[in-house]
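Heads up, model.cif below (mmCIF, C-alpha atoms):
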data_data
loop_
_atom_site.label_atom_id
_atom_site.label_comp_id
_atom_site.auth_asym_id
_atom_site.auth_seq_id
_atom_site.Cartn_x
_atom_site.Cartn_y
_atom_site.Cartn_z
CA MET A 1 -46.50 -11.49 -14.51
CA LEU A 2 -43.54 -13.81 -15.07
CA LYS A 3 -41.63 -11.06 -16.89
CA LYS A 4 -42.23 -8.68 -13.98
CA ILE A 5 -40.92 -11.23 -11.47
CA ILE A 6 -37.80 -11.84 -13.60
CA LEU A 7 -37.19 -8.08 -13.94
CA ILE A 8 -37.56 -7.53 -10.20
CA SER A 9 -35.17 -10.43 -9.51
CA ILE A 10 -32.55 -9.00 -11.89
CA LEU A 11 -32.82 -5.54 -10.37
CA SER A 12 -32.53 -6.98 -6.86
CA LEU A 13 -29.43 -8.94 -7.85
CA LEU A 14 -27.81 -5.86 -9.38
CA PHE A 15 -28.60 -3.85 -6.25
CA ILE A 16 -26.95 -6.49 -4.03
CA LEU A 17 -23.86 -6.64 -6.27
CA TYR A 18 -23.31 -2.88 -6.53
CA LEU A 19 -24.37 -1.75 -3.06
CA PRO A 20 -20.84 -2.25 -1.57
CA LYS A 21 -19.33 -0.12 -4.36
CA ILE A 22 -21.89 2.63 -3.87
CA THR A 23 -21.42 2.82 -0.12
CA ALA A 24 -17.63 2.36 -0.15
CA GLN A 25 -15.30 5.25 0.69
CA PRO A 26 -14.47 6.97 -2.62
CA SER A 27 -11.13 8.37 -1.52
CA SER A 28 -7.92 6.61 -2.57
CA LEU A 29 -6.48 7.73 0.77
CA THR A 30 -8.72 5.48 2.89
CA ALA A 31 -5.97 2.89 3.34
CA VAL A 32 -3.58 5.60 4.50
CA PHE A 33 -5.80 6.91 7.25
CA ARG A 34 -6.72 3.40 8.42
CA LEU A 35 -3.15 2.24 8.71
CA ALA A 36 -3.65 2.08 12.48
CA GLU A 37 -6.82 1.89 14.55
CA HIS A 38 -5.69 4.80 16.74
CA PRO A 39 -3.60 7.92 15.96
CA THR A 40 0.03 6.86 15.80
CA VAL A 41 3.43 7.86 14.42
CA ILE A 42 4.78 5.95 11.41
CA VAL A 43 8.53 5.36 11.66
CA ARG A 44 9.15 2.43 9.30
CA GLY A 45 7.72 0.97 6.13
CA ILE A 46 7.53 -2.49 4.59
CA GLN A 47 10.43 -2.52 2.15
CA GLY A 48 12.94 -0.25 0.45
CA SER A 49 14.15 3.18 1.58
CA THR A 50 12.67 6.66 1.72
CA ALA A 51 14.61 9.91 2.16
CA THR A 52 13.03 12.95 3.82
CA ILE A 53 14.54 16.40 4.34
CA ASP A 54 13.34 18.79 7.07
CA ILE A 55 13.58 22.40 5.88
CA SER A 56 13.15 25.43 8.13
CA PHE A 57 16.17 27.56 7.16
CA GLY A 58 18.12 28.71 4.13
CA GLU A 59 17.46 30.26 0.75
CA GLN A 60 20.31 29.89 -1.72
CA GLU A 61 21.28 26.38 -0.62
CA ILE A 62 17.66 25.18 -0.65
CA GLU A 63 17.05 26.66 -4.09
CA GLU A 64 20.21 24.92 -5.28
CA LEU A 65 19.01 21.67 -3.72
CA VAL A 66 15.63 21.94 -5.45
CA ASP A 67 17.32 22.65 -8.79
CA GLN A 68 19.58 19.60 -8.47
CA LEU A 69 17.06 17.03 -7.24
CA SER A 70 16.16 14.22 -9.60
CA GLN A 71 13.47 11.56 -9.45
CA PRO A 72 12.58 9.73 -7.35
CA TYR A 73 12.44 12.88 -5.23
CA PRO A 74 12.89 12.83 -1.45
CA LEU A 75 9.91 14.02 0.59
CA LEU A 76 10.55 17.61 1.72
CA PHE A 77 9.10 18.54 5.11
CA ILE A 78 8.58 22.29 4.92
CA ASP A 79 8.22 24.71 7.81
CA SER A 80 5.17 26.87 6.96
CA ASP A 81 6.83 30.14 8.05
CA TRP A 82 9.78 29.34 5.78
CA ALA A 83 7.41 28.62 2.86
CA LEU A 84 5.73 32.01 3.20
CA ARG A 85 9.13 33.76 3.28
CA PHE A 86 10.39 32.14 0.07
CA PRO A 87 7.45 31.81 -2.34
CA HIS A 88 9.76 31.70 -5.38
CA ILE A 89 11.32 28.45 -4.10
CA VAL A 90 7.87 27.09 -3.27
CA GLU A 91 6.86 27.78 -6.89
CA LYS A 92 9.87 25.79 -8.10
CA MET A 93 8.85 22.86 -5.89
CA LYS A 94 5.31 23.02 -7.23
CA LYS A 95 6.44 23.34 -10.85
CA ARG A 96 8.67 20.27 -10.54
CA SER A 97 6.01 18.32 -8.59
CA ILE A 98 8.41 17.65 -5.73
CA PRO A 99 6.47 16.00 -2.89
CA VAL A 100 6.15 18.20 0.19
CA ALA A 101 4.80 17.76 3.70
CA LEU A 102 4.26 19.95 6.76
CA LEU A 103 7.12 20.39 9.22
CA GLY A 104 6.05 21.72 12.61
CA GLN A 105 7.85 23.09 15.61
CA VAL A 106 9.02 21.01 18.58
CA GLY A 107 6.30 18.85 20.07
CA GLU A 108 5.89 20.69 23.38
CA LYS A 109 4.86 23.88 21.54
CA TYR A 110 1.63 22.18 20.52
CA GLU A 111 0.80 21.33 24.12
CA GLU A 112 1.36 24.95 25.11
CA ASN A 113 -0.76 26.21 22.20
CA PRO A 114 -3.38 23.70 20.94
CA SER A 115 -4.34 25.97 18.01
CA LEU A 116 -0.78 26.06 16.65
CA PHE A 117 -1.18 23.00 14.43
CA LYS A 118 -4.21 24.49 12.68
CA GLN A 119 -2.31 27.74 12.18
CA HIS A 120 0.64 25.97 10.56
CA LEU A 121 -1.66 23.84 8.45
CA ASN A 122 -3.46 26.92 7.12
CA GLN A 123 -0.13 28.59 6.28
CA PHE A 124 1.06 25.48 4.44
CA GLU A 125 -2.16 25.31 2.41
CA GLU A 126 -1.86 28.99 1.59
CA ALA A 127 1.67 28.48 0.26
CA PHE A 128 1.25 25.19 -1.61
CA GLU A 129 -2.49 25.14 -2.39
CA VAL A 130 -2.70 21.50 -1.26
CA ARG A 131 -3.36 19.77 2.02
CA PRO A 132 -0.31 17.76 3.12
CA LEU A 133 -0.56 14.00 3.53
CA TRP A 134 2.23 13.95 6.13
CA PHE A 135 3.21 15.92 9.24
CA ARG A 136 6.32 15.83 11.40
CA THR A 137 7.40 17.89 14.39
CA ALA A 138 10.91 19.35 14.38
CA ASP A 139 12.03 17.00 17.18
CA GLU A 140 9.79 14.07 16.17
CA VAL A 141 7.97 14.29 19.51
CA PHE A 142 4.21 13.94 19.08
CA PRO A 143 2.05 14.65 22.15
CA GLN A 144 -1.18 12.67 22.19
CA SER A 145 -3.34 15.79 21.81
CA LEU A 146 -1.35 16.76 18.72
CA LEU A 147 -1.71 13.27 17.24
CA GLN A 148 -5.46 13.56 17.70
CA SER A 149 -5.54 16.89 15.85
CA VAL A 150 -3.41 15.48 13.03
CA ASN A 151 -5.67 12.45 12.73
CA GLU A 152 -8.83 14.57 12.66
CA ALA A 153 -7.33 16.60 9.81
CA GLU A 154 -6.81 13.32 7.92
CA ILE A 155 -3.05 13.76 7.89
CA ASN A 156 -0.49 11.17 8.93
CA ALA A 157 2.23 11.68 11.54
CA LEU A 158 5.54 10.55 10.07
CA GLY A 159 8.65 10.11 12.16
CA SER A 160 11.82 8.43 10.96
CA THR A 161 13.83 5.26 11.39
CA VAL A 162 17.13 7.15 11.19
CA GLN A 163 17.96 10.81 11.79
CA TRP A 164 21.11 11.38 9.74
CA THR A 165 23.22 14.49 10.37
CA GLY A 166 26.14 13.68 8.07
CA GLY A 167 29.30 11.63 8.38
CA ASN A 168 29.16 7.90 7.77
CA LEU A 169 26.15 6.82 5.77
CA PRO A 170 23.53 4.88 7.75
CA LYS A 171 23.43 1.12 7.30
CA LYS A 172 20.60 0.16 4.98
CA THR A 173 17.59 -1.53 6.61
CA ALA A 174 14.30 -2.68 5.09
CA GLY A 175 11.55 -0.08 5.19
CA GLU A 176 13.80 2.67 6.50
CA ILE A 177 12.71 6.31 6.62
CA ILE A 178 15.78 8.55 6.74
CA ALA A 179 15.38 12.12 8.02
CA VAL A 180 17.93 14.82 7.13
CA PRO A 181 17.81 18.19 8.95
CA HIS A 182 18.27 21.60 7.38
CA HIS A 183 17.72 24.09 10.20
CA ARG A 184 19.60 27.16 11.37
CA GLU A 185 21.13 25.25 14.28
CA GLU A 186 21.75 21.95 12.50
CA ARG A 187 21.94 21.20 8.80
CA VAL A 188 23.58 18.77 6.43
CA ARG A 189 25.68 20.13 3.58
CA LEU A 190 24.31 19.83 0.07
CA LYS A 191 27.20 17.59 -1.00
CA ASP A 192 26.43 15.19 1.85
CA ILE A 193 22.75 15.10 0.89
CA GLU A 194 23.78 14.24 -2.66
CA ARG A 195 26.03 11.49 -1.27
CA LEU A 196 23.14 10.03 0.71
CA LEU A 197 20.72 10.13 -2.24
CA ALA A 198 23.28 8.33 -4.41
CA SER A 199 23.96 5.64 -1.80
CA ARG A 200 20.91 3.44 -2.49
CA PRO A 201 17.64 3.30 -4.44
CA PHE A 202 14.97 5.48 -2.83
CA GLN A 203 11.22 5.46 -3.29
CA SER A 204 8.20 7.48 -2.17
CA VAL A 205 6.72 7.13 1.30
CA GLU A 206 3.53 5.75 -0.25
CA ASP A 207 5.43 3.02 -2.09
CA LEU A 208 7.43 2.27 1.05
CA LEU A 209 4.24 1.78 3.07
CA PHE A 210 1.57 0.67 0.64
CA GLN A 211 3.29 -0.08 -2.68
CA SER A 212 0.93 2.40 -4.32
CA THR A 213 0.89 6.06 -5.34
CA VAL A 214 -1.22 8.62 -3.50
CA LYS A 215 -2.05 11.88 -5.27
CA THR A 216 -2.81 15.18 -3.59
CA LYS A 217 -5.70 17.38 -4.67
CA LYS A 218 -5.58 21.13 -5.12
CA LEU A 219 -7.63 23.15 -2.69
CA PRO A 220 -10.65 24.93 -4.14
CA LYS A 221 -10.09 28.66 -4.56
#
So, in terms of structure tokens, how does the structure I just supplied come out?
Amino acid sequence: MLKKIILISILSLLFILYLPKITAQPSSLTAVFRLAEHPTVIVRGIQGSTATIDISFGEQEIEELVDQLSQPYPLLFIDSDWALRFPHIVEKMKKRSIPVALLGQVGEKYEENPSLFKQHLNQFEEAFEVRPLWFRTADEVFPQSLLQSVNEAEINALGSTVQWTGGNLPKKTAGEIIAVPHHREERVRLKDIERLLASRPFQSVEDLLFQSTVKTKKLPK
């Protein structure tokens, strides 16, 4: 009888100790999605600097950029239509494990067409075979309905601290997220991008925000 009581006590203790681990969220991304209580746009980190490049136009210059990039890589925000037009460059990005995220259209487009975000997300996943961790609109305007859709998809809305279009380099500030455009109407020359990337130490968005590395998972085929 005494042995049975001792065994039950040990099992009860083990259950109490391991219950939090069993019921805890298994995903390493939990901290990312709980950064804020409500859907919000992240525009600054804790320390260091992160470079991001918005890509919706170009072939030869983008391929050259991808070939010349070195670690730590900037985060490339990719327009899904562009990705489907240039799969050979997408394959280079994937082969080199360059971090990519979803670049959308201007914010008002998502108010006019609520299904547009899902469409762009599906196109991105088709091209890269991963779900993006980050999303940004082309003008960094995020209507509340769009933020809700992004949050429900377990993706983070990422704006920027500085939108740099060339010229004098931006003054360094702690936790800065620098956005560089490469669109048909407005784009920064490759030499200027190289000058920016050489101007200071850069790190990943995850390290900027959480001082940890977040890995993406391939979508099941």
Given the file shown, determine the residues that the PyMOL selection byres ((chain A and resi 189-206) around 8) selects; report them as a list in words.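 Evaluating the PyMOL selection byres ((chain A and resi 189-206) around 8) on this file yields Gly45, Gly48, Ser49, Thr50, Ala51, Glu61, Leu65, Pro72, Tyr73, Pro74, Leu75, Gly166, Gly167, Leu169, Val180, Arg187, Val188, Asp207, Leu208, Leu209, Phe210, Gln211, Ser212, Thr213 and Val214 of chain A.
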For the atom pair CA of Gly58 in chain A and CA of Phe124 in chain A, what is the interatomic distance in Å to one decimal place?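 These atoms are spaced 17.4 Å apart.
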Please expand the PyMOL selection byres ((chain A and resi 145) around 12) into the concrete residues it hits in this file, giving the result as a PyMOL selection string. chain A and resi 39-40+107-117+141-144+146-152
Among the residues A:His183, A:His38, A:Arg44, A:Arg85, the one that comes closest to Ser160 in chain A [using only C-alpha atoms]: A:Arg44
Got a sec to resolve the PyMOL selection byres ((chain A and resi 94) around 12) on this structure and send the residues as a list of chain:residue names?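 That selection, the PyMOL selection byres ((chain A and resi 94) around 12), comes back as A:Val66, A:Leu76, A:Ala83, A:Pro87, A:His88, A:Ile89, A:Val90, A:Glu91, A:Lys92, A:Met93, A:Lys95, A:Arg96, A:Ser97, A:Ile98, A:Pro99, A:Val100, A:Ala127, A:Phe128, A:Glu129, A:Val130, A:Thr216, A:Lys218.
For the residues A:Gln123, A:Ala101, A:Glu59, A:Lys118, ranking by smallest atom-to-atom distance to Ser80 in chain A using all atoms listed in the file places A:Gln123 first.
Between CA of Trp134 in chain A and CA of Ser70 in chain A the separation is 21.0 Å.
Relative to CA of Asp81 in chain A, CA of Trp164 in chain A is found at 23.6 Å.
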Any chance you could turn range 105-121 of chain A into a file with all heavy atoms, as a compact mmCIF listing (two decimals), in the first residue's frame?
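Saved the output as out-v1.txt:
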# COMPACT_ATOMS: atom_id res chain seq x y z
N GLN A 105 0.70 45.87 -52.56
CA GLN A 105 0.43 47.10 -53.28
C GLN A 105 0.18 48.22 -52.27
O GLN A 105 0.38 48.04 -51.07
CB GLN A 105 -0.76 46.90 -54.22
CG GLN A 105 -0.51 45.85 -55.29
CD GLN A 105 -1.69 45.68 -56.23
OE1 GLN A 105 -2.67 46.41 -56.18
NE2 GLN A 105 -1.61 44.69 -57.12
N VAL A 106 -0.25 49.39 -52.74
CA VAL A 106 -0.53 50.48 -51.82
C VAL A 106 -1.71 50.09 -50.92
O VAL A 106 -2.59 49.31 -51.31
CB VAL A 106 -0.84 51.80 -52.57
CG1 VAL A 106 0.39 52.26 -53.33
CG2 VAL A 106 -2.03 51.62 -53.52
N GLY A 107 -1.74 50.64 -49.72
CA GLY A 107 -2.70 50.22 -48.73
C GLY A 107 -4.16 50.32 -49.14
O GLY A 107 -4.97 49.44 -48.81
N GLU A 108 -4.53 51.36 -49.87
CA GLU A 108 -5.94 51.57 -50.22
C GLU A 108 -6.48 50.46 -51.12
O GLU A 108 -7.68 50.20 -51.13
CB GLU A 108 -6.13 52.93 -50.89
CG GLU A 108 -5.47 53.06 -52.25
CD GLU A 108 -5.76 54.40 -52.92
OE1 GLU A 108 -6.27 55.31 -52.24
OE2 GLU A 108 -5.48 54.53 -54.13
N LYS A 109 -5.60 49.78 -51.86
CA LYS A 109 -6.04 48.70 -52.73
C LYS A 109 -6.69 47.57 -51.94
O LYS A 109 -7.59 46.87 -52.42
CB LYS A 109 -4.86 48.14 -53.53
CG LYS A 109 -4.25 49.11 -54.53
CD LYS A 109 -5.18 49.34 -55.72
CE LYS A 109 -4.50 50.19 -56.79
NZ LYS A 109 -5.39 50.45 -57.95
N TYR A 110 -6.23 47.38 -50.70
CA TYR A 110 -6.74 46.30 -49.88
C TYR A 110 -8.09 46.65 -49.24
O TYR A 110 -8.83 45.75 -48.84
CB TYR A 110 -5.71 45.92 -48.82
CG TYR A 110 -4.44 45.39 -49.44
CD1 TYR A 110 -3.37 46.24 -49.73
CD2 TYR A 110 -4.32 44.05 -49.79
CE1 TYR A 110 -2.21 45.76 -50.32
CE2 TYR A 110 -3.17 43.56 -50.39
CZ TYR A 110 -2.12 44.42 -50.65
OH TYR A 110 -0.98 43.94 -51.27
N GLU A 111 -8.38 47.93 -49.17
CA GLU A 111 -9.72 48.34 -48.74
C GLU A 111 -10.71 48.17 -49.88
O GLU A 111 -11.86 47.78 -49.67
CB GLU A 111 -9.69 49.80 -48.26
CG GLU A 111 -8.97 49.99 -46.94
CD GLU A 111 -9.08 51.41 -46.42
OE1 GLU A 111 -8.67 52.34 -47.16
OE2 GLU A 111 -9.58 51.60 -45.30
N GLU A 112 -10.25 48.45 -51.09
CA GLU A 112 -11.11 48.30 -52.26
C GLU A 112 -11.39 46.83 -52.56
O GLU A 112 -12.48 46.48 -53.02
CB GLU A 112 -10.45 48.96 -53.48
CG GLU A 112 -10.24 50.46 -53.34
CD GLU A 112 -9.38 51.04 -54.45
OE1 GLU A 112 -8.93 50.24 -55.33
OE2 GLU A 112 -9.13 52.26 -54.45
N ASN A 113 -10.41 45.98 -52.31
CA ASN A 113 -10.54 44.55 -52.59
C ASN A 113 -10.03 43.74 -51.40
O ASN A 113 -8.84 43.44 -51.30
CB ASN A 113 -9.75 44.19 -53.86
CG ASN A 113 -9.92 42.73 -54.26
OD1 ASN A 113 -10.62 41.96 -53.59
ND2 ASN A 113 -9.26 42.33 -55.34
N PRO A 114 -10.90 43.36 -50.47
CA PRO A 114 -10.47 42.66 -49.25
C PRO A 114 -9.80 41.31 -49.52
O PRO A 114 -9.07 40.81 -48.66
CB PRO A 114 -11.79 42.46 -48.48
CG PRO A 114 -12.70 43.54 -48.99
CD PRO A 114 -12.34 43.70 -50.44
N SER A 115 -10.05 40.70 -50.68
CA SER A 115 -9.46 39.39 -50.97
C SER A 115 -8.06 39.50 -51.59
O SER A 115 -7.41 38.49 -51.85
CB SER A 115 -10.36 38.59 -51.92
OG SER A 115 -10.44 39.23 -53.20
N LEU A 116 -7.59 40.72 -51.80
CA LEU A 116 -6.32 40.93 -52.50
C LEU A 116 -5.14 40.40 -51.69
O LEU A 116 -4.20 39.83 -52.27
CB LEU A 116 -6.14 42.42 -52.80
CG LEU A 116 -5.00 42.79 -53.76
CD1 LEU A 116 -5.19 42.12 -55.12
CD2 LEU A 116 -4.94 44.31 -53.93
N PHE A 117 -5.17 40.57 -50.39
CA PHE A 117 -4.06 40.10 -49.56
C PHE A 117 -3.91 38.59 -49.68
O PHE A 117 -2.79 38.08 -49.85
CB PHE A 117 -4.26 40.49 -48.10
CG PHE A 117 -3.26 39.86 -47.17
CD1 PHE A 117 -1.93 40.27 -47.18
CD2 PHE A 117 -3.63 38.83 -46.31
CE1 PHE A 117 -1.00 39.67 -46.33
CE2 PHE A 117 -2.71 38.23 -45.47
CZ PHE A 117 -1.39 38.64 -45.48
N LYS A 118 -5.01 37.87 -49.61
CA LYS A 118 -4.96 36.42 -49.72
C LYS A 118 -4.43 36.00 -51.08
O LYS A 118 -3.65 35.05 -51.20
CB LYS A 118 -6.36 35.83 -49.50
CG LYS A 118 -6.41 34.31 -49.55
CD LYS A 118 -5.57 33.67 -48.46
CE LYS A 118 -5.72 32.17 -48.45
NZ LYS A 118 -4.85 31.51 -47.44
N GLN A 119 -4.82 36.73 -52.11
CA GLN A 119 -4.33 36.43 -53.47
C GLN A 119 -2.81 36.59 -53.55
O GLN A 119 -2.11 35.72 -54.07
CB GLN A 119 -5.00 37.37 -54.47
CG GLN A 119 -4.48 37.25 -55.89
CD GLN A 119 -5.05 38.31 -56.82
OE1 GLN A 119 -6.18 38.77 -56.64
NE2 GLN A 119 -4.26 38.74 -57.79
N HIS A 120 -2.31 37.70 -53.02
CA HIS A 120 -0.86 37.94 -53.05
C HIS A 120 -0.12 36.93 -52.19
O HIS A 120 0.99 36.49 -52.55
CB HIS A 120 -0.57 39.37 -52.58
CG HIS A 120 -1.03 40.40 -53.55
ND1 HIS A 120 -1.25 41.71 -53.18
CD2 HIS A 120 -1.32 40.35 -54.87
CE1 HIS A 120 -1.65 42.41 -54.24
NE2 HIS A 120 -1.69 41.59 -55.27
N LEU A 121 -0.70 36.57 -51.07
CA LEU A 121 -0.07 35.59 -50.19
C LEU A 121 0.04 34.23 -50.89
O LEU A 121 1.09 33.57 -50.84
CB LEU A 121 -0.87 35.46 -48.90
CG LEU A 121 -0.35 34.44 -47.87
CD1 LEU A 121 1.09 34.74 -47.47
CD2 LEU A 121 -1.26 34.42 -46.64
